[in-house]
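Asker: My structure is below; once you've seen it, I'll send some questions.
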Amino acid sequence: MNGNADIIMELENLCYTYEDGTEALKGIDLQIRRGEKLAIMGANGSGKSTLFLTLNGIHKPTRGKLLFNGRPVEYSRKGLLDLRKKVGIVFQDPDSQLFSASVVQEISFGILNLGVPEKEAAKRVEEVMEELNILLFRNKPTHFLSGGQKKRVSIADILVMDPEMIILDEPAAALDPKHARMIDGIIDKLSEKGITVILSTHDVDRALKWADRVVLLEDGIVIREAKPDAVFQEEEVLMRTNLEKPAVLKLFETLCRAGILNENLKIPHTVQELEQYINNR
Amino acid sequence: MNGNADIIMELENLCYTYEDGTEALKGIDLQIRRGEKLAIMGANGSGKSTLFLTLNGIHKPTRGKLLFNGRPVEYSRKGLLDLRKKVGIVFQDPDSQLFSASVVQEISFGILNLGVPEKEAAKRVEEVMEELNILLFRNKPTHFLSGGQKKRVSIADILVMDPEMIILDEPAAALDPKHARMIDGIIDKLSEKGITVILSTHDVDRALKWADRVVLLEDGIVIREAKPDAVFQEEEVLMRTNLEKPAVLKLFETLCRAGILNENLKIPHTVQELEQYINNR
Amino acid sequence: MSKVHRRIFTLSVAFAIVFGFAENVSAMHIMEGYLPLNHCIVWGVVCIPFLILGFLSIKKIVEQNRRTLLILVMMGAYAFVLSALKIPSVTGSSSHPTGTGLGAILFGPAAMCVIGIIVLLFQAILLAHGGLTTLGANTFSMAIAGPFLAYGIYILCNRLKVPKSVGIFLAASLSDLFTYCVTAFQLALAHPAEVGGFRASFVEFLGIFAMTQIPLAIIEGLLAVIVIKGLEAY
Amino acid sequence: MMMIDKLAYSSRLRDKSPALKASLAVGTLLICVGARSFMVSLITIIVMGGLTVLSSRISLLKYLKLMSIPFGFMVLSTIAIVINLSDKPMDLLSVPVGSGYLAISYHSLTEGILLVMVALASVSCLYFLTLSTAMLDILEVLRRLHCPILMVELMMLIYRYIFVILDMASAITTSQHCRLGNKDFMTELRSMGQMLAVLLVRSLKRSSQLFDAMESRCYDGEIRVLRESYTAEKRELIGTAGFLAAMLAIAILCRLKGIGLW
């Protein structure tokens with residue numbers, strides 16, 4: 001491995017234009033650190049989904065470079081399989097991902113394609129099902145599963161392949177708060193295992209709470225990239241991407257301005273942290 | 001019209017069982033007031049969608065009664081048309097609602113079914129398109145529209161029929177913040193016109209801000225029904241329906257407990273209101 | 001270059017072109033303008049009774065239950081999408097499934113001929129596969145002859161207690177081959193050879209399409225088996 | 001994939017009367033196929049190709065690319081027509097194979113070239129129509145030609161749902177590829193089969209959701225919608241009629257003079 005071992009993926013002036021001429025990515029420069037929690041935000045149509053499909057080789061950049069583990073990605077059959085082995089995508093709508101009638105079949109698809117022997121694959125599938133609490137409904141046909149259950153299966157789909165990086169497209173969309181929390185818990189576990197997690201979301205509160213770093217996309221370009229507390233204080237870039245400042249930040253600032261809290265406090269990332277500040281005042 | 005003229009719809013022990021034996025509604029009692037903003041919340045699978053289809057006569061209750069404007073709904077062809085004329089549903093996924101590739105054709109379907117002459121219908125379609133800002137993309141085929149545009153067309157579908165009550169199933173799902181806000185604006189306009197609006201959502205912050213009344217469904221039963229500030233303070237029912245207390249309420253309570261705000265203040269519904277309390281302290 | 005060399009060169013160029021273009025064959029749709037006008041009309045007329053029968057059967061079903069109209073819609077859209085997808089191939093060439101066999105097994109041959117002509121019309125308009133003047137001929141081969149044979153084989157195999165997947169495979173792949181035989185027949189009839197007439201021409205068309213169609217027919221047969229097996233899991 | 005559909009909406013001729021455009025395209029097409037003449041085909045290609053390239057915002061190169069879609073079929077079939085299996089050598093070229101010859105005669109070669117010309121000209125007519133007219137407008141023409149209402153309704157709904165199902169298909173295929181579902185031929189075939197199975201199940205489920213949605217808007221078995229009609233201007237009518245008449249005249253002239261090729 002050459003280059004910086006801390007960088008798992010590097011994008012250099014990455015461009016992608018669709019066949020019909022739509023320029024979806026217009027030169028993205030980005031370094032993704034190994035093990036980091038990266039939130040990608042931007043309006044619909046800003047290029048998030050295209051970016052994700054480029055990161056795992058479904059789209060071949062029309063210009064620019066994609067480096068994985070320091071080496072440029074090769075767009076040969078073998079090179080692509082190697083990349084996709086290591087970089088998995090969990091799609092927003094589980095229905096565009098789940099295609100088997102049976103949960104076990106569904107989860108085993110990827111690992112069997114890796115060429116893992118059946119016995120070993122079966123063991124691994126069991127482990128992942130246990131880890132994501134899927135055992136309870138393992139015998140239900142996939143089309144009878146609830147949204148939250150489908151989501152868990154679609155994460156298991158990828159996790160079973162033991163990737164170094166997992167991309168989740170709007171993982172909490174259409175879930176009720178309880179299931180959204182459950183998915184949040186699963187995502188935290190992925191990070192704890194050392195997997196690099198990239199996540200797209202429209203939810204500023206979630207991004208503030210979770211991310212190590214936030215990347216704002218607008219019209220195929222990275223317009224800002226920094227720690228969430230920094231990004232979410234810049235009214236101007238938030239406006240441009242149609243995002244609102246997280247409620248926690250707004251209230252924290254108001255409380256500081258009103259002299260109730262000390263401005264030198266570390267910026268709170270969750271309602272709980274803010275509540276603690278208030279209680280400890 | 002008999003009964004209370006303030007009540008547009010009344011459900012008495014409403015039950016619905018699917019052909020396969022699934023009991024989706026297990027005796028719902030509910031009065032819907034004319035012109036109110038009602039948020040129906042509940043975990044996935046709690047019966048919201050079934051309830052909506054029952055309110056507009058797609059499902060015939062297996063037991064119990066449905067009264068519209070004080071009169072029991074007749075499940076004859078004519079009775080159903082009368083009901084559906086007045087009660088419209090905007091479905092969650094526009095792709096399951098929009099049947100035509102042309103925006104104008106799509107919107108005109110409902111009003112022409114009411115027997116309105118073509119000329120008048122055309123005028124009404126134009127009005128609604130202007131109202132919902134559809135004119136800009138009226139000549140685009142449906143399959144080139146963005147999610148937010150499709151959503152607006154699907155609201156226009158219903159609005160053009162001049163209903164007394166509109167039911168929106170998760171109107172903001174899968175939209176980015178800008179489009180979600182745009183749809184919120186449209187929903188507010190509907191209420192201003194005096195239309196009764198029923199909306200399902202998982203977003204407690206939105207429900208707190210918007211609703212006159214919140215109904216919590218669990219497993220085909222109404223477990224709580226009250227003003228949002230009341231409902232969202234009851235930890236126990238929130239837990240049962242997989243919901244969380246809205247951040248604004250949590251912080252308001254903490255601020256009251258810390259003695260910073262006065263407990264007798266009206267409960268704030270938005271971050272702005274809470275900020276004002278802090279500033280005016 | 002000697003004369004012999006020239007011949008060999010010409011022939012090898014010809015074969016290179018054949019195999020080169022065989023990489024991208026849009027099934028067996030006869031292209032726009034390839035049939036004389038009288039042939040277009042005759043094939044159109046031949047289809048009419050089948051279409052009327054199919055139409056009446058659909059109309060009856062729809063009148064009994066309006067919900068079936070939308071089921072037919074989804075079947076039609078599905079059949080179109082199926083035929084617009086690229087079929088996997090060993091060589092990396094690109095071609096599309098006909099879906100005639102699969103469609104007939106799933107929807108029945110009567111509905112298939114009405115859905116078929118709509119799909120063929122859409123293919124001509126949206127994909128430039130086939131054409132308007134050749135719509136009749138293509139409908140006959142792909143929406144009538146193929147599906148009826150597929151359905152016949154499928155039923156026959158069921159009667160004979162042949163394993164189901166074998167029956168599906170035979171129905172789908174043989175109907176595919178039959179469709180291309182009919183196409184070759186239609187082309188030979190329209191363009192008889194200078195020497196040997198219709199027969200020589202028919203043999204030639206069969207021979208040339210065989211190179212591309214036999215592997216495709218086998219692939220489609222396999223695909224149909226996997227789809228039906230997959231459906232049984234639901 | 002649905003390039004033609006996309007281009008149809010951006011054509012400068014989109015708002016012209018679909019009936020007029022269809023008459024021009026289909027009329028020329030019929031004359032072209034009926035005449036089978038080199039001259040008629042050449043004029044058709046120039047006129048139709050020119051009109052299309054000028055009116056739809058595409059480059060000549062892209063147009064030629066579109067024209068090459070039916071090339072595979074054309075080359076294969078034309079070879080079958082040009083090359084004869086003969087037991088005697090022929091006048092242009094003969095290659096001995098076994099006991100006979102693969103042979104080309106002047107006659108078969110000219111036949112082949114003519115056929116290619118006619119086919120290309122016909123495709124240019126088809127493209128003129130499809131690159132300038134949206135599908136729903138074409139369906140409206142069919143309706144006015146008294147195509148059964150049930151058929152027109154079916155086509156209208158099928159057209160809409162093609163795109164929905166196509167999106168589902170490509171989403172599932174993409175996610176399969178992300179999990180190496182295309183690593184080799186057999187895996188790819190199996191993936192596609194499974195995708196097609198689930199696609200059918202989902203499509204049928206959608207049909208029932210759509211029915212509920214339509215019922216809730218008082219659907220009663222007949223789909224009534226507003227139809228936007230574009231009327232043709234007088235000079236457009238005269239122009240089209242004049243062009244068709246001229247083409248017909250040229251076609252008849254070529255036939256009468258007996259100049260088969262020309």
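Chain labels run A, B, ... following the order of the structure tokens; each chain numbers its residues from 1, and ligands are numbered from 1 in the order shown.
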Would you mind listing what lies within 8 Å of Ile183 of chain B as number ranges by chain, with only C-alpha atoms counted and same-chain residues fewer than 4 positions away left out?
Answerer: B: 152, 171-172, 179, 187
Asker: With a distance threshold of 10 Å and counting only C-alpha atoms, extract the residues of chain C near chain A and express them as a list in words.
Answerer: Gly230, Leu231, Glu232, Ala233 and Tyr234 of chain C
Asker: Kindly determine which residues of chain A lie within 6 Å of chain D, considering only C-alpha atoms, and give the answer as number ranges by chain.
Answerer: A: 84, 96-97, 99, 110, 113
Asker: Could you take the residues named above and write them with C-alpha atoms, as a short mmCIF file (atom, residue, chain, number, x, y, z; two decimals), in the first residue's frame?
Answerer:
```cif
data_model
loop_
_atom_site.label_atom_id
_atom_site.label_comp_id
_atom_site.auth_asym_id
_atom_site.auth_seq_id
_atom_site.Cartn_x
_atom_site.Cartn_y
_atom_site.Cartn_z
CA ARG A 84 -17.20 -3.87 -4.67
CA SER A 96 -34.79 -1.72 -4.72
CA GLN A 97 -32.30 -3.93 -2.97
CA PHE A 99 -34.97 -9.43 -4.48
CA GLY A 110 -23.27 -11.40 -1.75
CA ASN A 113 -20.71 -14.41 -4.97
#
```
Asker: Cα RMSD of chain B on chain A, all Cα atoms paired in order, least-squares fit?
Answerer: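 Computed on C-alpha atoms only, the RMSD stands at 0.4 Å.
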Asker: Which chain B residues are at most 9 Å from chain A (counting only C-alpha atoms), as a ChimeraX atom specification?
Answerer: /B:42-45,146-147,170,173-178,201-204,239,241-244,247-248,250-251,254-255,257-258,260,271,274-275,278-279,281
Asker: At what distance in Å, to one decimal, does atom CA of Ser10 of chain D lie from atom CA of Tyr161 of chain D?
Answerer: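 Taking atom CA of Tyr161 of chain D and atom CA of Ser10 of chain D, their separation equals 21.0 Å.
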Asker: List the spatial neighbours of Gly221 of chain D as a list in words - criterion: any atom at most 10 Å away, only C-alpha atoms, same-chain residues fewer than 2 positions off excluded.
Answerer: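 With the cut-off at 10 Å, the set is Val62, Glu63, Asn65, Arg66, Arg67 and Leu69 of chain C; Leu150, Met214, Glu215, Cys218, Tyr219, Ile223 and Arg224 of chain D.
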Asker: Just want the 9 Å neighbourhood of segment 30-32 of chain D, counted on only C-alpha atoms, with same-chain residues fewer than 6 positions away dropped. Output as a PyMOL selection string.
Answerer: (chain C and resi 33+37+133) or (chain D and resi 40-41+44+118-119+121-122+244+247-248+251)
Asker: Store the residues picked out above, limited to C-alpha atoms, as a PDB file, in the first residue's frame.
Answerer:
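Done, and the output landed in again-v4.pdb:
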```
ATOM      1  CA  GLY C  33     -38.906  -0.802 -44.706  1.00  0.00           C
ATOM      2  CA  LEU C  37     -45.805  -3.210 -49.088  1.00  0.00           C
ATOM      3  CA  THR C 133     -44.862  -1.174 -41.776  1.00  0.00           C
TER       4      THR C 133
ATOM      5  CA  VAL D  40     -37.478   8.135 -53.795  1.00  0.00           C
ATOM      6  CA  SER D  41     -35.432   6.667 -50.954  1.00  0.00           C
ATOM      7  CA  THR D  44     -36.739  10.678 -48.309  1.00  0.00           C
ATOM      8  CA  VAL D 118     -35.288   1.712 -48.804  1.00  0.00           C
ATOM      9  CA  ALA D 119     -34.831   0.464 -45.250  1.00  0.00           C
ATOM     10  CA  ALA D 121     -35.240   5.826 -45.818  1.00  0.00           C
ATOM     11  CA  SER D 122     -38.080   4.109 -43.966  1.00  0.00           C
ATOM     12  CA  LEU D 244     -46.579  13.847 -50.453  1.00  0.00           C
ATOM     13  CA  MET D 247     -43.136  12.140 -53.794  1.00  0.00           C
ATOM     14  CA  LEU D 248     -45.973  10.090 -55.207  1.00  0.00           C
ATOM     15  CA  ALA D 251     -42.443   7.322 -57.439  1.00  0.00           C
TER      16      ALA D 251
END
```
Asker: Taking 5 positions as the minimum chain separation for residues in the same chain, which residues sit within 9 Å of segment 228-235 of chain B when counting only C-alpha atoms? Answer as a list in words.
Answerer: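 The residues that qualify are Ala39, Val204, Ala207, Leu208, Lys209, Trp210, Ala211, Asp212, Arg213, Val214, Val215, Leu216, Arg240, Leu243, Glu244, Lys245, Pro246, Leu249, Lys250, Ile267, Pro268 and His269 of chain B.
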Asker: Go ahead and write the residues just picked, N, CA and C atoms, as an mmCIF file, in the first residue's frame.
Answerer:
```
data_model
loop_
_atom_site.group_PDB
_atom_site.id
_atom_site.type_symbol
_atom_site.label_atom_id
_atom_site.label_comp_id
_atom_site.auth_asym_id
_atom_site.auth_seq_id
_atom_site.Cartn_x
_atom_site.Cartn_y
_atom_site.Cartn_z
ATOM 1 N N ALA B 39 -53.290 15.153 12.949
ATOM 2 C CA ALA B 39 -52.140 14.304 12.622
ATOM 3 C C ALA B 39 -52.387 12.916 13.172
ATOM 4 N N VAL B 204 -42.325 13.976 14.907
ATOM 5 C CA VAL B 204 -43.001 14.591 16.041
ATOM 6 C C VAL B 204 -42.873 16.112 16.034
ATOM 7 N N ALA B 207 -45.455 17.429 13.694
ATOM 8 C CA ALA B 207 -46.808 17.271 14.237
ATOM 9 C C ALA B 207 -47.069 18.311 15.322
ATOM 10 N N LEU B 208 -46.071 18.524 16.180
ATOM 11 C CA LEU B 208 -46.226 19.498 17.263
ATOM 12 C C LEU B 208 -46.479 20.888 16.696
ATOM 13 N N LYS B 209 -45.743 21.207 15.642
ATOM 14 C CA LYS B 209 -45.836 22.536 15.043
ATOM 15 C C LYS B 209 -47.176 22.737 14.334
ATOM 16 N N TRP B 210 -47.637 21.685 13.670
ATOM 17 C CA TRP B 210 -48.724 21.854 12.725
ATOM 18 C C TRP B 210 -50.117 21.506 13.253
ATOM 19 N N ALA B 211 -50.191 20.421 14.017
ATOM 20 C CA ALA B 211 -51.510 19.814 14.240
ATOM 21 C C ALA B 211 -52.356 20.524 15.288
ATOM 22 N N ASP B 212 -53.680 20.484 15.089
ATOM 23 C CA ASP B 212 -54.600 20.889 16.137
ATOM 24 C C ASP B 212 -54.775 19.736 17.123
ATOM 25 N N ARG B 213 -54.670 18.544 16.537
ATOM 26 C CA ARG B 213 -54.943 17.384 17.377
ATOM 27 C C ARG B 213 -54.117 16.216 16.849
ATOM 28 N N VAL B 214 -53.661 15.377 17.758
ATOM 29 C CA VAL B 214 -52.873 14.216 17.363
ATOM 30 C C VAL B 214 -53.616 12.961 17.786
ATOM 31 N N VAL B 215 -53.693 12.000 16.881
ATOM 32 C CA VAL B 215 -54.306 10.722 17.214
ATOM 33 C C VAL B 215 -53.211 9.661 17.134
ATOM 34 N N LEU B 216 -53.027 8.917 18.222
ATOM 35 C CA LEU B 216 -52.011 7.865 18.200
ATOM 36 C C LEU B 216 -52.686 6.518 17.974
ATOM 37 N N ARG B 240 -45.083 3.406 23.414
ATOM 38 C CA ARG B 240 -45.889 2.338 22.802
ATOM 39 C C ARG B 240 -46.014 2.526 21.301
ATOM 40 N N LEU B 243 -42.641 6.480 19.262
ATOM 41 C CA LEU B 243 -42.334 7.889 19.011
ATOM 42 C C LEU B 243 -41.422 8.436 20.098
ATOM 43 N N GLU B 244 -40.843 9.611 19.806
ATOM 44 C CA GLU B 244 -40.006 10.271 20.795
ATOM 45 C C GLU B 244 -40.622 11.615 21.141
ATOM 46 N N LYS B 245 -40.295 12.082 22.323
ATOM 47 C CA LYS B 245 -40.763 13.416 22.679
ATOM 48 C C LYS B 245 -40.049 14.440 21.789
ATOM 49 N N PRO B 246 -40.761 15.445 21.268
ATOM 50 C CA PRO B 246 -40.107 16.451 20.417
ATOM 51 C C PRO B 246 -39.015 17.192 21.193
ATOM 52 N N LEU B 249 -39.991 20.283 23.258
ATOM 53 C CA LEU B 249 -40.634 20.014 24.549
ATOM 54 C C LEU B 249 -39.612 19.607 25.593
ATOM 55 N N LYS B 250 -38.688 18.733 25.189
ATOM 56 C CA LYS B 250 -37.666 18.274 26.133
ATOM 57 C C LYS B 250 -36.916 19.475 26.709
ATOM 58 N N ILE B 267 -47.126 26.094 26.289
ATOM 59 C CA ILE B 267 -46.113 25.172 25.773
ATOM 60 C C ILE B 267 -45.705 25.578 24.354
ATOM 61 N N PRO B 268 -44.397 25.743 24.107
ATOM 62 C CA PRO B 268 -43.954 26.188 22.771
ATOM 63 C C PRO B 268 -44.091 25.055 21.759
ATOM 64 N N HIS B 269 -44.437 25.421 20.515
ATOM 65 C CA HIS B 269 -44.624 24.400 19.481
ATOM 66 C C HIS B 269 -43.479 24.355 18.487
#
```
Asker: Using only C-alpha atoms, determine which residues lie at most 8 Å from Arg36 of chain D, disregarding the query and same-chain residues fewer than 6 positions distant; provide the list as a list in words.
Answerer: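 Surrounding residues, per the criterion: Pro36 of chain C; Leu114, Leu115 and Val118 of chain D.
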Asker: Hey, which bits of chain C sit within 6 Å of chain D, and for each residue what's the closest pair of atoms and how far apart in Å (one decimal), counting only C-alpha atoms, rows by chain and increasing number, as a Markdown table?
Answerer:
```
| residue | atom | partner | partner_atom | distance |
| --- | --- | --- | --- | --- |
| C:Phe21 | CA | D:Gly72 | CA | 4.9 |
| C:Asn24 | CA | D:Gly72 | CA | 5.8 |
| C:Val25 | CA | D:Gly72 | CA | 5.0 |
| C:Glu32 | CA | D:Val123 | CA | 5.7 |
| C:Gly33 | CA | D:Ala119 | CA | 4.3 |
| C:Tyr34 | CA | D:Ala119 | CA | 5.5 |
| C:Leu37 | CA | D:Gly34 | CA | 5.3 |
| C:Leu70 | CA | D:Ser207 | CA | 5.3 |
| C:Ile71 | CA | D:Ser207 | CA | 5.6 |
| C:Val73 | CA | D:Ile158 | CA | 5.1 |
| C:Met74 | CA | D:Ser203 | CA | 5.8 |
| C:Ala77 | CA | D:Ile162 | CA | 4.7 |
| C:Val81 | CA | D:Leu166 | CA | 5.9 |
| C:Pro88 | CA | D:Leu189 | CA | 5.9 |
| C:Val90 | CA | D:Phe185 | CA | 5.9 |
| C:Ile125 | CA | D:Thr130 | CA | 5.7 |
| C:Leu126 | CA | D:Ile4 | CA | 5.7 |
| C:Glu204 | CA | D:Ala80 | CA | 5.8 |
| C:Phe205 | CA | D:Ala80 | CA | 5.9 |
| C:Leu223 | CA | D:Gly193 | CA | 5.4 |
| C:Ile226 | CA | D:Gly193 | CA | 5.1 |
| C:Val227 | CA | D:Gly193 | CA | 4.7 |
| C:Gly230 | CA | D:Ala197 | CA | 5.4 |
| C:Leu231 | CA | D:Ala197 | CA | 5.2 |
```
Asker: For atom CA of Met39 of chain D and atom CA of Ala246 of chain D, determine how far apart the two atoms are, in Å to one decimal place.
Answerer: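 A separation of 12.5 Å between them.
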Asker: Kindly indicate which residue among D:Leu20, D:Leu13, D:Ile252, D:Leu51 lies nearest to Ser132 of chain D, using only C-alpha atoms for the distances.
Answerer: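 Selected residue with least distance to Ser132 of chain D: D:Leu13.
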Asker: Any chance you could list, as JSON, numbers by chain, the residues in segment 11-243 of chain D that come up helix (DSSP H, G or I) when DSSP is run on the backbone?
Answerer: {"D": [18, 19, 20, 21, 22, 23, 24, 25, 26, 27, 28, 29, 30, 31, 32, 33, 34, 35, 38, 39, 40, 41, 42, 43, 44, 45, 46, 47, 48, 49, 50, 51, 52, 53, 54, 55, 60, 61, 62, 63, 64, 65, 66, 67, 71, 72, 73, 74, 75, 76, 77, 78, 79, 80, 81, 82, 106, 107, 108, 109, 110, 111, 112, 113, 114, 115, 116, 117, 118, 119, 120, 121, 122, 123, 124, 125, 126, 127, 128, 129, 130, 135, 136, 137, 138, 139, 140, 141, 142, 143, 144, 149, 150, 151, 152, 153, 154, 155, 156, 157, 158, 159, 160, 161, 162, 163, 164, 165, 166, 167, 168, 169, 170, 171, 172, 173, 174, 175, 176, 177, 178, 185, 186, 187, 188, 189, 190, 191, 192, 193, 194, 195, 196, 197, 198, 199, 200, 201, 202, 203, 204, 205, 206, 207, 208, 209, 210, 211, 212, 213, 214, 215, 234, 235, 236, 237, 238, 239, 240, 241, 242, 243]}
